[in-house]
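Undergrad: Below you'll find entry-v7.txt; it's compact mmCIF, N, CA, C and O atoms.
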```
# COMPACT_ATOMS: atom_id res chain seq x y z
N MET A 1 0.84 -1.17 0.00
CA MET A 1 0.00 0.00 0.00
C MET A 1 0.89 1.24 0.00
O MET A 1 1.78 1.38 0.84
N PRO A 2 0.71 2.14 -0.94
CA PRO A 2 1.55 3.32 -1.04
C PRO A 2 1.42 4.23 0.18
O PRO A 2 0.38 4.29 0.83
N PHE A 3 2.48 4.95 0.45
CA PHE A 3 2.56 5.91 1.54
C PHE A 3 1.80 7.16 1.13
O PHE A 3 2.06 7.73 0.07
N LYS A 4 0.86 7.64 1.92
CA LYS A 4 0.01 8.76 1.52
C LYS A 4 0.51 10.13 2.01
O LYS A 4 0.04 11.15 1.56
N THR A 5 1.45 10.17 2.94
CA THR A 5 1.90 11.43 3.52
C THR A 5 2.81 12.18 2.55
O THR A 5 3.71 11.60 1.95
N ASP A 6 2.61 13.49 2.41
CA ASP A 6 3.46 14.33 1.57
C ASP A 6 4.71 14.70 2.35
O ASP A 6 4.64 15.40 3.35
N LEU A 7 5.85 14.21 1.89
CA LEU A 7 7.12 14.49 2.57
C LEU A 7 7.90 15.60 1.88
O LEU A 7 9.06 15.84 2.21
N ASN A 8 7.29 16.30 0.94
CA ASN A 8 7.95 17.41 0.27
C ASN A 8 7.75 18.71 1.05
O ASN A 8 7.32 19.72 0.53
N VAL A 9 8.05 18.64 2.35
CA VAL A 9 7.92 19.77 3.27
C VAL A 9 9.16 19.80 4.16
O VAL A 9 9.94 18.85 4.21
N THR A 10 9.34 20.88 4.88
CA THR A 10 10.44 21.00 5.84
C THR A 10 10.34 19.88 6.85
O THR A 10 9.26 19.59 7.32
N PRO A 11 11.36 19.17 7.23
CA PRO A 11 12.75 19.29 6.82
C PRO A 11 13.14 18.29 5.74
O PRO A 11 14.32 18.15 5.45
N TYR A 12 12.21 17.58 5.12
CA TYR A 12 12.56 16.47 4.23
C TYR A 12 12.77 16.88 2.78
O TYR A 12 13.70 16.42 2.13
N TYR A 13 11.91 17.69 2.22
CA TYR A 13 12.00 18.12 0.82
C TYR A 13 12.14 16.94 -0.13
O TYR A 13 13.00 16.93 -1.01
N ASP A 14 11.30 15.95 0.04
CA ASP A 14 11.34 14.76 -0.82
C ASP A 14 10.43 14.99 -2.01
O ASP A 14 9.22 14.84 -1.93
N ASP A 15 11.02 15.37 -3.15
CA ASP A 15 10.22 15.64 -4.34
C ASP A 15 10.29 14.50 -5.35
O ASP A 15 10.03 14.68 -6.53
N TYR A 16 10.62 13.29 -4.88
CA TYR A 16 10.68 12.12 -5.76
C TYR A 16 9.28 11.79 -6.27
O TYR A 16 8.31 11.80 -5.53
N ASP A 17 9.18 11.52 -7.56
CA ASP A 17 7.92 11.13 -8.17
C ASP A 17 8.18 9.90 -9.03
O ASP A 17 8.99 9.95 -9.96
N SER A 18 7.53 8.78 -8.71
CA SER A 18 7.79 7.53 -9.42
C SER A 18 7.44 7.62 -10.90
O SER A 18 7.97 6.87 -11.72
N SER A 19 6.58 8.55 -11.28
CA SER A 19 6.22 8.68 -12.69
C SER A 19 7.35 9.32 -13.51
O SER A 19 7.31 9.31 -14.74
N ASP A 20 8.39 9.85 -12.84
CA ASP A 20 9.55 10.40 -13.56
C ASP A 20 10.41 9.30 -14.15
O ASP A 20 11.25 9.56 -15.02
N ASN A 21 10.23 8.06 -13.66
CA ASN A 21 10.94 6.88 -14.17
C ASN A 21 12.47 6.98 -14.07
O ASN A 21 13.18 6.53 -14.96
N PHE A 22 12.98 7.57 -12.99
CA PHE A 22 14.42 7.48 -12.78
C PHE A 22 14.68 6.56 -11.60
O PHE A 22 13.88 6.45 -10.70
N GLN A 23 15.81 5.87 -11.65
CA GLN A 23 16.09 4.82 -10.68
C GLN A 23 17.34 5.05 -9.86
O GLN A 23 17.71 4.21 -9.06
N GLN A 24 18.04 6.15 -10.08
CA GLN A 24 19.24 6.37 -9.28
C GLN A 24 19.48 7.86 -9.07
O GLN A 24 19.03 8.70 -9.85
N VAL A 25 20.18 8.14 -7.99
CA VAL A 25 20.60 9.49 -7.67
C VAL A 25 22.12 9.46 -7.63
O VAL A 25 22.71 8.65 -6.91
N LEU A 26 22.77 10.29 -8.41
CA LEU A 26 24.22 10.31 -8.46
C LEU A 26 24.77 11.42 -7.57
O LEU A 26 24.26 12.53 -7.57
N ALA A 27 25.81 11.08 -6.80
CA ALA A 27 26.48 12.06 -5.95
C ALA A 27 27.84 12.38 -6.56
O ALA A 27 28.51 11.51 -7.12
N ARG A 28 28.24 13.63 -6.46
CA ARG A 28 29.53 14.06 -7.00
C ARG A 28 30.64 13.76 -6.00
O ARG A 28 30.54 14.15 -4.84
N PRO A 29 31.70 13.08 -6.43
CA PRO A 29 32.82 12.81 -5.54
C PRO A 29 33.44 14.12 -5.03
O PRO A 29 33.54 15.10 -5.76
N GLY A 30 33.81 14.12 -3.76
CA GLY A 30 34.45 15.30 -3.17
C GLY A 30 33.49 16.35 -2.69
O GLY A 30 33.91 17.40 -2.22
N HIS A 31 32.20 16.12 -2.84
CA HIS A 31 31.18 17.07 -2.37
C HIS A 31 30.29 16.38 -1.35
O HIS A 31 30.04 15.18 -1.44
N ALA A 32 29.80 17.15 -0.41
CA ALA A 32 28.92 16.59 0.61
C ALA A 32 27.60 16.13 -0.01
O ALA A 32 27.09 16.75 -0.94
N VAL A 33 27.08 15.03 0.51
CA VAL A 33 25.78 14.54 0.06
C VAL A 33 24.70 15.34 0.79
O VAL A 33 24.78 15.55 1.99
N GLN A 34 23.72 15.80 0.04
CA GLN A 34 22.66 16.59 0.64
C GLN A 34 21.58 15.68 1.20
O GLN A 34 21.35 14.58 0.71
N ALA A 35 20.89 16.16 2.21
CA ALA A 35 19.82 15.39 2.84
C ALA A 35 18.73 15.06 1.83
O ALA A 35 18.15 13.97 1.87
N ARG A 36 18.46 15.97 0.90
CA ARG A 36 17.43 15.72 -0.11
C ARG A 36 17.79 14.51 -0.97
O ARG A 36 16.94 13.70 -1.33
N GLU A 37 19.07 14.37 -1.30
CA GLU A 37 19.50 13.23 -2.11
C GLU A 37 19.30 11.92 -1.35
O GLU A 37 18.86 10.93 -1.91
N LEU A 38 19.64 11.93 -0.07
CA LEU A 38 19.45 10.72 0.74
C LEU A 38 17.96 10.38 0.86
O LEU A 38 17.57 9.22 0.78
N THR A 39 17.14 11.40 1.04
CA THR A 39 15.69 11.18 1.15
C THR A 39 15.14 10.62 -0.14
O THR A 39 14.31 9.71 -0.14
N GLN A 40 15.60 11.12 -1.28
CA GLN A 40 15.13 10.61 -2.57
C GLN A 40 15.57 9.17 -2.78
O GLN A 40 14.81 8.36 -3.31
N MET A 41 16.78 8.82 -2.35
CA MET A 41 17.23 7.44 -2.47
C MET A 41 16.37 6.51 -1.62
O MET A 41 16.03 5.40 -2.04
N GLN A 42 15.98 6.96 -0.43
CA GLN A 42 15.08 6.17 0.41
C GLN A 42 13.74 5.99 -0.28
O GLN A 42 13.15 4.90 -0.25
N SER A 43 13.23 7.04 -0.90
CA SER A 43 11.94 6.95 -1.59
C SER A 43 12.00 6.01 -2.78
O SER A 43 11.06 5.26 -3.03
N ILE A 44 13.10 6.03 -3.53
CA ILE A 44 13.26 5.12 -4.66
C ILE A 44 13.25 3.68 -4.17
O ILE A 44 12.56 2.82 -4.73
N LEU A 45 14.00 3.40 -3.10
CA LEU A 45 14.05 2.05 -2.54
C LEU A 45 12.68 1.62 -2.03
O LEU A 45 12.23 0.50 -2.29
N LYS A 46 11.99 2.51 -1.32
CA LYS A 46 10.65 2.20 -0.80
C LYS A 46 9.69 1.88 -1.94
O LYS A 46 8.93 0.92 -1.89
N ASN A 47 9.77 2.67 -3.01
CA ASN A 47 8.90 2.47 -4.17
C ASN A 47 9.16 1.12 -4.82
O ASN A 47 8.22 0.40 -5.20
N GLN A 48 10.43 0.73 -4.96
CA GLN A 48 10.76 -0.55 -5.58
C GLN A 48 10.33 -1.72 -4.69
O GLN A 48 9.85 -2.74 -5.20
N ILE A 49 10.46 -1.59 -3.38
CA ILE A 49 10.00 -2.64 -2.46
C ILE A 49 8.49 -2.79 -2.54
O ILE A 49 7.96 -3.90 -2.54
N GLU A 50 7.77 -1.66 -2.62
CA GLU A 50 6.30 -1.71 -2.76
C GLU A 50 5.91 -2.43 -4.05
O GLU A 50 4.99 -3.26 -4.06
N LYS A 51 6.59 -2.12 -5.16
CA LYS A 51 6.28 -2.76 -6.43
C LYS A 51 6.53 -4.26 -6.37
O LYS A 51 5.74 -5.05 -6.90
N LEU A 52 7.63 -4.67 -5.73
CA LEU A 52 7.92 -6.09 -5.58
C LEU A 52 6.85 -6.77 -4.72
O LEU A 52 6.35 -7.84 -5.07
N GLY A 53 6.50 -6.14 -3.61
CA GLY A 53 5.46 -6.70 -2.74
C GLY A 53 4.13 -6.81 -3.45
O GLY A 53 3.41 -7.80 -3.29
N ASP A 54 3.77 -5.80 -4.23
CA ASP A 54 2.51 -5.84 -4.98
C ASP A 54 2.52 -6.95 -6.03
O ASP A 54 1.50 -7.54 -6.34
N PHE A 55 3.70 -7.24 -6.58
CA PHE A 55 3.82 -8.29 -7.59
C PHE A 55 3.73 -9.67 -6.95
O PHE A 55 3.08 -10.56 -7.47
N VAL A 56 4.39 -9.85 -5.80
CA VAL A 56 4.46 -11.16 -5.16
C VAL A 56 3.20 -11.47 -4.37
O VAL A 56 2.70 -12.60 -4.40
N LEU A 57 2.66 -10.49 -3.65
CA LEU A 57 1.51 -10.71 -2.79
C LEU A 57 0.29 -9.95 -3.29
O LEU A 57 0.41 -8.79 -3.67
N LYS A 58 -0.85 -10.58 -3.26
CA LYS A 58 -2.09 -9.90 -3.59
C LYS A 58 -2.61 -9.23 -2.32
O LYS A 58 -2.30 -9.63 -1.21
N GLU A 59 -3.43 -8.19 -2.48
CA GLU A 59 -4.03 -7.50 -1.34
C GLU A 59 -4.83 -8.48 -0.50
O GLU A 59 -5.65 -9.22 -1.02
N GLY A 60 -4.55 -8.50 0.79
CA GLY A 60 -5.26 -9.39 1.71
C GLY A 60 -4.58 -10.73 1.94
O GLY A 60 -5.03 -11.52 2.77
N THR A 61 -3.48 -11.01 1.23
CA THR A 61 -2.76 -12.26 1.42
C THR A 61 -2.10 -12.28 2.79
O THR A 61 -1.51 -11.30 3.21
N VAL A 62 -2.21 -13.39 3.49
CA VAL A 62 -1.58 -13.53 4.79
C VAL A 62 -0.13 -13.96 4.58
O VAL A 62 0.14 -14.96 3.92
N ALA A 63 0.79 -13.19 5.12
CA ALA A 63 2.21 -13.51 5.02
C ALA A 63 2.68 -14.02 6.38
O ALA A 63 2.44 -13.40 7.40
N VAL A 64 3.34 -15.17 6.39
CA VAL A 64 3.81 -15.77 7.63
C VAL A 64 5.33 -15.70 7.65
O VAL A 64 5.99 -16.06 6.68
N SER A 65 5.87 -15.25 8.77
CA SER A 65 7.32 -15.17 8.93
C SER A 65 7.77 -16.30 9.85
O SER A 65 7.26 -16.47 10.95
N TYR A 66 8.71 -17.09 9.38
CA TYR A 66 9.27 -18.17 10.18
C TYR A 66 10.57 -17.70 10.80
O TYR A 66 11.50 -17.31 10.10
N THR A 67 10.65 -17.73 12.14
CA THR A 67 11.84 -17.25 12.81
C THR A 67 12.76 -18.38 13.22
O THR A 67 13.90 -18.16 13.58
N HIS A 68 12.28 -19.62 13.18
CA HIS A 68 13.09 -20.76 13.58
C HIS A 68 13.39 -21.63 12.37
O HIS A 68 12.51 -21.90 11.58
N LEU A 69 14.61 -22.04 12.28
CA LEU A 69 15.00 -22.93 11.21
C LEU A 69 15.61 -24.17 11.85
O LEU A 69 16.55 -24.07 12.63
N THR A 70 15.06 -25.31 11.58
CA THR A 70 15.64 -26.56 12.12
C THR A 70 16.43 -27.23 11.03
O THR A 70 15.96 -27.41 9.91
N LEU A 71 17.62 -27.60 11.37
CA LEU A 71 18.47 -28.27 10.38
C LEU A 71 18.60 -29.72 10.68
O LEU A 71 18.57 -30.18 11.75
```
Just give me the structure of the file as structure tokens.
TA:
Amino acid sequence: MPFKTDLNVTPYYDDYDSSDNFQQVLARPGHAVQARELTQMQSILKNQIEKLGDFVLKEGTVAVSYTHLTL
């Protein structure tokens, strides 16, 4: 389920839009990484995880996590 909160406000300034169809943010060597770039990278990763989850699981599917492995 997509995140509904608008994070393009102080202090995040996340203006990532999945319809722009870009998949990476490039940082310049020798320059500080800006918080906006880090936030956009998080949004790209979140968007790709959502797409994978939507592909693998249908809405309402029960997902079970197994914490014990017996060998």
Undergrad: At a cut-off of 12 Å from (16.6, 7.4, -12.0) in the coordinates of the file, what residues are picked up using only C-alpha atoms, written as a list in words?
TA: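 So the residues meeting the distance criterion are Tyr16, Asp17, Ser18, Ser19, Asp20, Asn21, Phe22, Gln23, Gln24, Val25, Leu26, Glu37, Gln40, Met41, Ser43, Ile44, Leu45 and Gln48 of chain A.
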Undergrad: Identify, on the basis of all atoms listed in the file, every residue whose closest approach to A:Pro11 does not exceed 7 Å; exclude the query and any residue fewer than 4 positions from it along the same chain; express the result as a ChimeraX atom specification.
TA: /A:7,35-36
Undergrad: How far is it from atom CA of A:Thr39 to atom CA of A:Asp14, in Å with one decimal?
TA: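 We find that atom CA of A:Thr39 and atom CA of A:Asp14 lie 6.0 Å from each other.
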Undergrad: Kindly compute an axis-aligned box around the listed atoms of stretch 18-21 of chain A, allowing 5 Å on each side, and express its centre and edge lengths in Å to one decimal as lines of an AutoDock Vina configuration file.
TA:
```
center_x = 9.7
center_y = 8.5
center_z = -11.9
size_x = 17.0
size_y = 13.9
size_z = 16.3
```
Undergrad: Just list as a list in words whatever in stretch 2-68 of chain A DSSP marks as alpha helix (DSSP H).
TA: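 The residues of stretch 2-68 of chain A classed as alpha helix (DSSP H) are Ala35, Arg36, Glu37, Leu38, Thr39, Gln40, Met41, Gln42, Ser43, Ile44, Leu45, Lys46, Asn47, Gln48, Ile49, Glu50, Lys51, Leu52, Gly53, Asp54, Phe55 and Val56 of chain A.
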Undergrad: Take the residues from that selection and write them out as a PDB file, in the coordinates of the input, keeping N, CA, C and O atoms.
TA:
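part01.pdb was written with the following content:
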```
ATOM      1  N   ALA A  35      20.890  16.160   2.210  1.00  0.00           N
ATOM      2  CA  ALA A  35      19.820  15.390   2.840  1.00  0.00           C
ATOM      3  C   ALA A  35      18.730  15.060   1.830  1.00  0.00           C
ATOM      4  O   ALA A  35      18.150  13.970   1.870  1.00  0.00           O
ATOM      5  N   ARG A  36      18.460  15.970   0.900  1.00  0.00           N
ATOM      6  CA  ARG A  36      17.430  15.720  -0.110  1.00  0.00           C
ATOM      7  C   ARG A  36      17.790  14.510  -0.970  1.00  0.00           C
ATOM      8  O   ARG A  36      16.940  13.700  -1.330  1.00  0.00           O
ATOM      9  N   GLU A  37      19.070  14.370  -1.300  1.00  0.00           N
ATOM     10  CA  GLU A  37      19.500  13.230  -2.110  1.00  0.00           C
ATOM     11  C   GLU A  37      19.300  11.920  -1.350  1.00  0.00           C
ATOM     12  O   GLU A  37      18.860  10.930  -1.910  1.00  0.00           O
ATOM     13  N   LEU A  38      19.640  11.930  -0.070  1.00  0.00           N
ATOM     14  CA  LEU A  38      19.450  10.720   0.740  1.00  0.00           C
ATOM     15  C   LEU A  38      17.960  10.380   0.860  1.00  0.00           C
ATOM     16  O   LEU A  38      17.570   9.220   0.780  1.00  0.00           O
ATOM     17  N   THR A  39      17.140  11.400   1.040  1.00  0.00           N
ATOM     18  CA  THR A  39      15.690  11.180   1.150  1.00  0.00           C
ATOM     19  C   THR A  39      15.140  10.620  -0.140  1.00  0.00           C
ATOM     20  O   THR A  39      14.310   9.710  -0.140  1.00  0.00           O
ATOM     21  N   GLN A  40      15.600  11.120  -1.280  1.00  0.00           N
ATOM     22  CA  GLN A  40      15.130  10.610  -2.570  1.00  0.00           C
ATOM     23  C   GLN A  40      15.570   9.170  -2.780  1.00  0.00           C
ATOM     24  O   GLN A  40      14.810   8.360  -3.310  1.00  0.00           O
ATOM     25  N   MET A  41      16.780   8.820  -2.350  1.00  0.00           N
ATOM     26  CA  MET A  41      17.230   7.440  -2.470  1.00  0.00           C
ATOM     27  C   MET A  41      16.370   6.510  -1.620  1.00  0.00           C
ATOM     28  O   MET A  41      16.030   5.400  -2.040  1.00  0.00           O
ATOM     29  N   GLN A  42      15.980   6.960  -0.430  1.00  0.00           N
ATOM     30  CA  GLN A  42      15.080   6.170   0.410  1.00  0.00           C
ATOM     31  C   GLN A  42      13.740   5.990  -0.280  1.00  0.00           C
ATOM     32  O   GLN A  42      13.150   4.900  -0.250  1.00  0.00           O
ATOM     33  N   SER A  43      13.230   7.040  -0.900  1.00  0.00           N
ATOM     34  CA  SER A  43      11.940   6.950  -1.590  1.00  0.00           C
ATOM     35  C   SER A  43      12.000   6.010  -2.780  1.00  0.00           C
ATOM     36  O   SER A  43      11.060   5.260  -3.030  1.00  0.00           O
ATOM     37  N   ILE A  44      13.100   6.030  -3.530  1.00  0.00           N
ATOM     38  CA  ILE A  44      13.260   5.120  -4.660  1.00  0.00           C
ATOM     39  C   ILE A  44      13.250   3.680  -4.170  1.00  0.00           C
ATOM     40  O   ILE A  44      12.560   2.820  -4.730  1.00  0.00           O
ATOM     41  N   LEU A  45      14.000   3.400  -3.100  1.00  0.00           N
ATOM     42  CA  LEU A  45      14.050   2.050  -2.540  1.00  0.00           C
ATOM     43  C   LEU A  45      12.680   1.620  -2.030  1.00  0.00           C
ATOM     44  O   LEU A  45      12.230   0.500  -2.290  1.00  0.00           O
ATOM     45  N   LYS A  46      11.990   2.510  -1.320  1.00  0.00           N
ATOM     46  CA  LYS A  46      10.650   2.200  -0.800  1.00  0.00           C
ATOM     47  C   LYS A  46       9.690   1.880  -1.940  1.00  0.00           C
ATOM     48  O   LYS A  46       8.930   0.920  -1.890  1.00  0.00           O
ATOM     49  N   ASN A  47       9.770   2.670  -3.010  1.00  0.00           N
ATOM     50  CA  ASN A  47       8.900   2.470  -4.170  1.00  0.00           C
ATOM     51  C   ASN A  47       9.160   1.120  -4.820  1.00  0.00           C
ATOM     52  O   ASN A  47       8.220   0.400  -5.200  1.00  0.00           O
ATOM     53  N   GLN A  48      10.430   0.730  -4.960  1.00  0.00           N
ATOM     54  CA  GLN A  48      10.760  -0.550  -5.580  1.00  0.00           C
ATOM     55  C   GLN A  48      10.330  -1.720  -4.690  1.00  0.00           C
ATOM     56  O   GLN A  48       9.850  -2.740  -5.200  1.00  0.00           O
ATOM     57  N   ILE A  49      10.460  -1.590  -3.380  1.00  0.00           N
ATOM     58  CA  ILE A  49      10.000  -2.640  -2.460  1.00  0.00           C
ATOM     59  C   ILE A  49       8.490  -2.790  -2.540  1.00  0.00           C
ATOM     60  O   ILE A  49       7.960  -3.900  -2.540  1.00  0.00           O
ATOM     61  N   GLU A  50       7.770  -1.660  -2.620  1.00  0.00           N
ATOM     62  CA  GLU A  50       6.300  -1.710  -2.760  1.00  0.00           C
ATOM     63  C   GLU A  50       5.910  -2.430  -4.050  1.00  0.00           C
ATOM     64  O   GLU A  50       4.990  -3.260  -4.060  1.00  0.00           O
ATOM     65  N   LYS A  51       6.590  -2.120  -5.160  1.00  0.00           N
ATOM     66  CA  LYS A  51       6.280  -2.760  -6.430  1.00  0.00           C
ATOM     67  C   LYS A  51       6.530  -4.260  -6.370  1.00  0.00           C
ATOM     68  O   LYS A  51       5.740  -5.050  -6.900  1.00  0.00           O
ATOM     69  N   LEU A  52       7.630  -4.670  -5.730  1.00  0.00           N
ATOM     70  CA  LEU A  52       7.920  -6.090  -5.580  1.00  0.00           C
ATOM     71  C   LEU A  52       6.850  -6.770  -4.720  1.00  0.00           C
ATOM     72  O   LEU A  52       6.350  -7.840  -5.070  1.00  0.00           O
ATOM     73  N   GLY A  53       6.500  -6.140  -3.610  1.00  0.00           N
ATOM     74  CA  GLY A  53       5.460  -6.700  -2.740  1.00  0.00           C
ATOM     75  C   GLY A  53       4.130  -6.810  -3.450  1.00  0.00           C
ATOM     76  O   GLY A  53       3.410  -7.800  -3.290  1.00  0.00           O
ATOM     77  N   ASP A  54       3.770  -5.800  -4.230  1.00  0.00           N
ATOM     78  CA  ASP A  54       2.510  -5.840  -4.980  1.00  0.00           C
ATOM     79  C   ASP A  54       2.520  -6.950  -6.030  1.00  0.00           C
ATOM     80  O   ASP A  54       1.500  -7.540  -6.340  1.00  0.00           O
ATOM     81  N   PHE A  55       3.700  -7.240  -6.580  1.00  0.00           N
ATOM     82  CA  PHE A  55       3.820  -8.290  -7.590  1.00  0.00           C
ATOM     83  C   PHE A  55       3.730  -9.670  -6.950  1.00  0.00           C
ATOM     84  O   PHE A  55       3.080 -10.560  -7.470  1.00  0.00           O
ATOM     85  N   VAL A  56       4.390  -9.850  -5.800  1.00  0.00           N
ATOM     86  CA  VAL A  56       4.460 -11.160  -5.160  1.00  0.00           C
ATOM     87  C   VAL A  56       3.200 -11.470  -4.370  1.00  0.00           C
ATOM     88  O   VAL A  56       2.700 -12.600  -4.400  1.00  0.00           O
TER      89      VAL A  56
END
```
Undergrad: Which distance in Å separates atom CA of A:Thr61 and atom CA of A:Lys46, to one decimal?
TA: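 So the answer is 19.8 Å.
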Undergrad: Could you tell me how far atom CA of A:Thr5 lies from atom CA of A:Gly53, in Å and to one decimal?
TA: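 Spanning atom CA of A:Thr5 to atom CA of A:Gly53 is a straight-line distance of 19.5 Å.
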